[in-house]
Amino acid sequence: MQGVEAQNEARWADIELDAGILGFGTHLGNASSEDAIYQPGTFGTVVNFQLSRVKTGKWGMWLGVVGSSSSNTTSLENFWLSEIEAIHPNAFISSTNTNAVTFSRTHYLAGVLKRKQIGSFNLNYGAGLGAARLSGIGNIEIQTKDLGSNHRTTYTYDYGVYDAWTWSANVYADLDVKLYRSGELQWMAFFRTSAIMHGQNGEMNASVTPILGELRRDAFTDSGTSFHLDMNLGIRLRLVNMEKWKMFRFAHKHEPAQP
Amino acid sequence: MNQRFTLKVLLFFTILFFGGCSGCCDESIEILIEASDVHGVHLNNAGQFPVLSSSNVIPAEAYVLGAYFDLEDYLAAKREIAPFCLGQKAFALSCWEEYRSVHNIARWDISSLYDFDEAHPAGTLLNEYFVVYNSLDINTSIWDYQSDTVQFALFATPDSSRQQFVLDIYFDNDSLVRDTTEVVWLN
């Protein structure tokens, strides 16, 4: 046993490249949110890419990018429609044109992780810290038609473009299983669950035209920390025991010259 | 990479090649449309949408002059698409149709056979009182959306309620279609 442990100690860590391509995330909430309507939709798509250096039973390190996008177009539309209906109870909503109000977050993270073997599976868990870029875009146009006349009014809610950086942190756990191995290249499938949080979103202004007293709602401020839960299914490429790769490179480099 | 892995990669791209192209169209059809005549009708816009009025008495603030076109269309061309894609040819389903106008509408004029107000005696143009209601662009409305109707909404109240409008539509080849509506009472 001691010999095996000594052998494990001598082994180098594996390098892993993750591509989590099938994922979805949900917005859990905000630490202190002034206006719930700003919050991105309940669900959104998630992708993640990560480069890790880890050895079973030891702490390793990773660098990663997590990207997600979501839309709350429907909730925004319903919000504005209800406000317009309150002002024009006898008008018809003749048309609603929406360029989807979308939000996207890209997290750039680095951290530590640990891998444990459970039967034919590997359990990886880790935590990271970094920065997130938040962006949003979109506009909504709602047209009303008065009862009994040709008169129409068009309300435009233009959210412009929002772009800001803030801090970001996550904890995650994933379970992987071997799919295929070719020499020192090992293909794995993994399922990952990640809890991610980021700092204040800031403000996304909706410039409303025409400006009416009741409709002037020109800033949505999400003032607190946001929490998200993401799940991801992906492919992991593991370069097993990097020591051998180094030895190969070393041997190749010092190959005696052919006569 | 061993042979088994290479075979798997080849299988993946083969599926992508055939599966990805299935359901595509292998040719497009271009159809030309031409308006041969126009008919002016009275529409009542008091409700949610302008509807054909059942009577000739309509509130002035809800009056819409509807222009119905007689459209003639004929096949202009068939174009084959992507003949190199075996998968697409094998699994091609229906094709799309692309409509194109022969001549766009260059101008429209509305006048009345009766005095509208002091500034607009019978026969003078009333274009300033009418707005194309169902589209920002009159040509987009007809040719792109296959609508045979253009709606001109009235934004003025006449001094005399009895009106009979004359609608002239000019095309970019200088051709003209014209119609005179029935008498309407705008209250």
# chains A, B, ... in the order shown; residues from 1 in each chain; ligands from 1
>>> interface_residues(of="chain B", to="chain A", cutoff="12 Å", atoms="only C-alpha atoms", output="MDAnalysis selection string")
chainID B and resid 1:6 8 43:50 58:65 129:134 151:157
>>> atom_distance(atom1="CA of Tyr68 in chain B", atom2="CA of Val41 in chain B")
7.6 Å
>>> residues_around(residues="Asp73 in chain B", least_positions_apart="2", cutoff="12 Å", atoms="only C-alpha atoms", output="ChimeraX atom specification")
/B:30-36,70-71,75-76,97-102,143,146
>>> write_last_selection(atoms="all heavy atoms", output="short mmCIF file (atom, residue, chain, number, x, y, z; two decimals), in the first residue's frame")
data_model
loop_
_atom_site.label_atom_id
_atom_site.label_comp_id
_atom_site.auth_asym_id
_atom_site.auth_seq_id
_atom_site.Cartn_x
_atom_site.Cartn_y
_atom_site.Cartn_z
N GLU B 30 -40.42 32.48 -57.63
CA GLU B 30 -40.63 33.92 -57.61
C GLU B 30 -41.94 34.24 -58.33
O GLU B 30 -42.16 33.79 -59.45
CB GLU B 30 -39.47 34.63 -58.30
CG GLU B 30 -39.53 36.13 -58.16
CD GLU B 30 -38.37 36.81 -58.86
OE1 GLU B 30 -37.78 36.20 -59.78
OE2 GLU B 30 -38.06 37.94 -58.50
N ILE B 31 -42.81 34.96 -57.62
CA ILE B 31 -44.12 35.29 -58.19
C ILE B 31 -44.26 36.81 -58.28
O ILE B 31 -43.97 37.53 -57.32
CB ILE B 31 -45.25 34.70 -57.33
CG1 ILE B 31 -45.20 33.17 -57.40
CG2 ILE B 31 -46.61 35.21 -57.77
CD1 ILE B 31 -46.15 32.47 -56.46
N LEU B 32 -44.71 37.27 -59.45
CA LEU B 32 -44.91 38.71 -59.65
C LEU B 32 -46.37 39.07 -59.41
O LEU B 32 -47.27 38.29 -59.75
CB LEU B 32 -44.52 39.10 -61.07
CG LEU B 32 -43.02 38.99 -61.41
CD1 LEU B 32 -42.79 39.34 -62.87
CD2 LEU B 32 -42.21 39.90 -60.51
N ILE B 33 -46.60 40.21 -58.79
CA ILE B 33 -47.97 40.66 -58.52
C ILE B 33 -48.19 42.00 -59.20
O ILE B 33 -47.32 42.85 -59.22
CB ILE B 33 -48.20 40.87 -57.00
CG1 ILE B 33 -47.64 39.73 -56.19
CG2 ILE B 33 -49.68 41.03 -56.70
CD1 ILE B 33 -47.71 40.00 -54.71
N GLU B 34 -49.39 42.17 -59.71
CA GLU B 34 -49.75 43.43 -60.36
C GLU B 34 -51.16 43.81 -59.94
O GLU B 34 -52.05 42.94 -59.91
CB GLU B 34 -49.65 43.27 -61.88
CG GLU B 34 -49.74 44.59 -62.60
CD GLU B 34 -49.32 44.46 -64.07
OE1 GLU B 34 -49.29 43.31 -64.56
OE2 GLU B 34 -49.04 45.48 -64.69
N ALA B 35 -51.37 45.06 -59.58
CA ALA B 35 -52.71 45.53 -59.24
C ALA B 35 -53.39 46.03 -60.50
O ALA B 35 -52.88 46.92 -61.17
CB ALA B 35 -52.62 46.65 -58.21
N SER B 36 -54.55 45.43 -60.80
CA SER B 36 -55.22 45.81 -62.04
C SER B 36 -56.37 46.79 -61.81
O SER B 36 -56.78 47.49 -62.72
CB SER B 36 -55.73 44.55 -62.75
OG SER B 36 -56.61 43.85 -61.91
N ASP B 70 -57.56 44.61 -56.93
CA ASP B 70 -57.61 43.36 -57.68
C ASP B 70 -56.16 43.02 -58.02
O ASP B 70 -55.52 43.75 -58.79
CB ASP B 70 -58.43 43.52 -58.97
CG ASP B 70 -59.91 43.71 -58.67
OD1 ASP B 70 -60.32 43.31 -57.56
OD2 ASP B 70 -60.62 44.26 -59.53
N LEU B 71 -55.66 41.93 -57.44
CA LEU B 71 -54.26 41.57 -57.67
C LEU B 71 -54.17 40.40 -58.64
O LEU B 71 -54.92 39.44 -58.53
CB LEU B 71 -53.57 41.20 -56.34
CG LEU B 71 -53.46 42.31 -55.29
CD1 LEU B 71 -52.79 41.76 -54.04
CD2 LEU B 71 -52.68 43.50 -55.82
N LEU B 75 -46.34 33.33 -62.20
CA LEU B 75 -45.03 32.77 -61.91
C LEU B 75 -43.96 33.46 -62.74
O LEU B 75 -44.09 33.58 -63.95
CB LEU B 75 -45.03 31.26 -62.22
CG LEU B 75 -43.78 30.49 -61.90
CD1 LEU B 75 -43.54 30.43 -60.39
CD2 LEU B 75 -43.87 29.08 -62.45
N ALA B 76 -42.94 33.95 -62.07
CA ALA B 76 -41.87 34.66 -62.80
C ALA B 76 -40.67 33.75 -63.03
O ALA B 76 -40.12 33.68 -64.12
CB ALA B 76 -41.44 35.88 -62.01
N GLU B 97 -42.15 30.71 -51.43
CA GLU B 97 -42.52 31.55 -52.56
C GLU B 97 -42.12 32.99 -52.24
O GLU B 97 -42.33 33.47 -51.14
CB GLU B 97 -44.04 31.49 -52.78
CG GLU B 97 -44.51 30.12 -53.23
CD GLU B 97 -46.02 30.01 -53.25
OE1 GLU B 97 -46.68 30.86 -52.63
OE2 GLU B 97 -46.53 29.07 -53.87
N GLU B 98 -41.52 33.63 -53.22
CA GLU B 98 -41.09 35.01 -53.03
C GLU B 98 -41.92 35.90 -53.94
O GLU B 98 -41.94 35.70 -55.16
CB GLU B 98 -39.60 35.12 -53.39
CG GLU B 98 -39.00 36.47 -53.12
CD GLU B 98 -37.56 36.54 -53.63
OE1 GLU B 98 -36.93 35.48 -53.74
OE2 GLU B 98 -37.11 37.64 -53.92
N TYR B 99 -42.64 36.85 -53.32
CA TYR B 99 -43.50 37.73 -54.10
C TYR B 99 -42.77 39.05 -54.40
O TYR B 99 -42.04 39.55 -53.57
CB TYR B 99 -44.79 38.02 -53.34
CG TYR B 99 -45.74 36.84 -53.33
CD1 TYR B 99 -45.59 35.82 -52.40
CD2 TYR B 99 -46.76 36.75 -54.26
CE1 TYR B 99 -46.45 34.73 -52.39
CE2 TYR B 99 -47.63 35.68 -54.26
CZ TYR B 99 -47.47 34.67 -53.32
OH TYR B 99 -48.31 33.60 -53.34
N ARG B 100 -43.00 39.54 -55.59
CA ARG B 100 -42.36 40.80 -55.99
C ARG B 100 -43.36 41.59 -56.82
O ARG B 100 -44.07 41.03 -57.65
CB ARG B 100 -41.10 40.49 -56.79
CG ARG B 100 -40.17 41.68 -56.96
CD ARG B 100 -38.79 41.20 -57.45
NE ARG B 100 -38.84 40.49 -58.72
CZ ARG B 100 -38.86 41.11 -59.89
NH1 ARG B 100 -38.84 42.42 -59.95
NH2 ARG B 100 -38.90 40.42 -61.02
N SER B 101 -43.39 42.90 -56.56
CA SER B 101 -44.35 43.70 -57.31
C SER B 101 -43.79 44.04 -58.69
O SER B 101 -42.59 44.19 -58.87
CB SER B 101 -44.62 45.00 -56.55
OG SER B 101 -43.43 45.73 -56.44
N VAL B 102 -44.72 44.14 -59.63
CA VAL B 102 -44.31 44.59 -60.97
C VAL B 102 -44.07 46.10 -60.92
O VAL B 102 -43.06 46.59 -61.40
CB VAL B 102 -45.40 44.24 -62.00
CG1 VAL B 102 -44.98 44.72 -63.39
CG2 VAL B 102 -45.67 42.76 -62.01
N TRP B 143 -47.35 44.39 -51.07
CA TRP B 143 -46.52 43.39 -51.75
C TRP B 143 -45.89 42.39 -50.78
O TRP B 143 -45.84 41.21 -51.06
CB TRP B 143 -45.42 44.07 -52.57
CG TRP B 143 -45.91 45.21 -53.39
CD1 TRP B 143 -45.45 46.49 -53.37
CD2 TRP B 143 -46.97 45.20 -54.36
NE1 TRP B 143 -46.15 47.27 -54.24
CE2 TRP B 143 -47.08 46.50 -54.87
CE3 TRP B 143 -47.83 44.22 -54.84
CZ2 TRP B 143 -48.01 46.85 -55.83
CZ3 TRP B 143 -48.77 44.57 -55.80
CH2 TRP B 143 -48.85 45.85 -56.28
N GLN B 146 -48.97 40.55 -48.72
CA GLN B 146 -50.03 39.96 -49.53
C GLN B 146 -51.41 40.47 -49.14
O GLN B 146 -52.40 39.79 -49.30
CB GLN B 146 -50.00 38.42 -49.40
CG GLN B 146 -48.67 37.81 -49.76
CD GLN B 146 -48.32 38.14 -51.19
OE1 GLN B 146 -49.00 37.71 -52.10
NE2 GLN B 146 -47.29 38.92 -51.38
#
>>> residues_around(residues="Leu167 in chain B", least_positions_apart="5", cutoff="7 Å", atoms="only C-alpha atoms", output="list of chain:residue names")
B:Gly40, B:Asp109, B:Ile110, B:Ser111, B:Arg178, B:Asp179, B:Thr180
>>> residues_around(residues="Ile118 in chain A", least_positions_apart="2", cutoff="12 Å", atoms="only C-alpha atoms", output="number ranges by chain")
A: 56-57, 115-116, 120-124, 175-177
>>> write_last_selection(atoms="N, CA, C and O atoms", output="PDB file, in the first residue's frame")
ATOM      1  N   THR A  56      -6.309  13.197  -8.283  1.00  0.00           N
ATOM      2  CA  THR A  56      -7.282  12.575  -7.380  1.00  0.00           C
ATOM      3  C   THR A  56      -6.836  12.686  -5.927  1.00  0.00           C
ATOM      4  O   THR A  56      -5.718  12.326  -5.580  1.00  0.00           O
ATOM      5  N   GLY A  57      -7.761  13.196  -5.095  1.00  0.00           N
ATOM      6  CA  GLY A  57      -7.487  13.291  -3.666  1.00  0.00           C
ATOM      7  C   GLY A  57      -6.701  14.513  -3.250  1.00  0.00           C
ATOM      8  O   GLY A  57      -6.448  14.713  -2.058  1.00  0.00           O
ATOM      9  N   ARG A 115     -10.663  16.474  -6.454  1.00  0.00           N
ATOM     10  CA  ARG A 115     -11.303  15.362  -7.146  1.00  0.00           C
ATOM     11  C   ARG A 115     -11.269  14.136  -6.272  1.00  0.00           C
ATOM     12  O   ARG A 115     -10.227  13.806  -5.693  1.00  0.00           O
ATOM     13  N   LYS A 116     -12.417  13.468  -6.160  1.00  0.00           N
ATOM     14  CA  LYS A 116     -12.492  12.217  -5.416  1.00  0.00           C
ATOM     15  C   LYS A 116     -13.069  11.152  -6.328  1.00  0.00           C
ATOM     16  O   LYS A 116     -14.010  11.422  -7.085  1.00  0.00           O
ATOM     17  N   SER A 120     -16.825   4.098 -10.398  1.00  0.00           N
ATOM     18  CA  SER A 120     -16.367   4.455 -11.741  1.00  0.00           C
ATOM     19  C   SER A 120     -16.575   5.944 -12.026  1.00  0.00           C
ATOM     20  O   SER A 120     -16.352   6.391 -13.149  1.00  0.00           O
ATOM     21  N   PHE A 121     -17.049   6.683 -11.032  1.00  0.00           N
ATOM     22  CA  PHE A 121     -17.269   8.120 -11.208  1.00  0.00           C
ATOM     23  C   PHE A 121     -16.182   8.917 -10.495  1.00  0.00           C
ATOM     24  O   PHE A 121     -15.524   8.418  -9.592  1.00  0.00           O
ATOM     25  N   ASN A 122     -16.029  10.152 -10.911  1.00  0.00           N
ATOM     26  CA  ASN A 122     -15.196  11.112 -10.191  1.00  0.00           C
ATOM     27  C   ASN A 122     -16.072  12.256  -9.721  1.00  0.00           C
ATOM     28  O   ASN A 122     -16.894  12.776 -10.490  1.00  0.00           O
ATOM     29  N   LEU A 123     -15.917  12.601  -8.472  1.00  0.00           N
ATOM     30  CA  LEU A 123     -16.623  13.767  -7.940  1.00  0.00           C
ATOM     31  C   LEU A 123     -15.617  14.912  -7.853  1.00  0.00           C
ATOM     32  O   LEU A 123     -14.560  14.767  -7.239  1.00  0.00           O
ATOM     33  N   ASN A 124     -15.936  16.012  -8.515  1.00  0.00           N
ATOM     34  CA  ASN A 124     -15.080  17.204  -8.460  1.00  0.00           C
ATOM     35  C   ASN A 124     -15.850  18.327  -7.801  1.00  0.00           C
ATOM     36  O   ASN A 124     -17.026  18.538  -8.109  1.00  0.00           O
ATOM     37  N   LEU A 175     -19.945  15.622 -11.464  1.00  0.00           N
ATOM     38  CA  LEU A 175     -19.725  14.183 -11.451  1.00  0.00           C
ATOM     39  C   LEU A 175     -19.366  13.795 -12.876  1.00  0.00           C
ATOM     40  O   LEU A 175     -20.088  14.155 -13.815  1.00  0.00           O
ATOM     41  N   ASP A 176     -18.232  13.109 -13.066  1.00  0.00           N
ATOM     42  CA  ASP A 176     -17.896  12.717 -14.433  1.00  0.00           C
ATOM     43  C   ASP A 176     -17.712  11.208 -14.547  1.00  0.00           C
ATOM     44  O   ASP A 176     -17.485  10.516 -13.564  1.00  0.00           O
ATOM     45  N   VAL A 177     -17.878  10.733 -15.752  1.00  0.00           N
ATOM     46  CA  VAL A 177     -17.728   9.305 -16.030  1.00  0.00           C
ATOM     47  C   VAL A 177     -16.978   9.153 -17.352  1.00  0.00           C
ATOM     48  O   VAL A 177     -17.159   9.958 -18.275  1.00  0.00           O
TER      49      VAL A 177
END
>>> select_by_dssp(residues="range 74-221 of chain A", states="strand (DSSP E or B)", output="ChimeraX atom specification")
/A:91-118,121-146,152-182,185-198,202-205,207-209,219-221
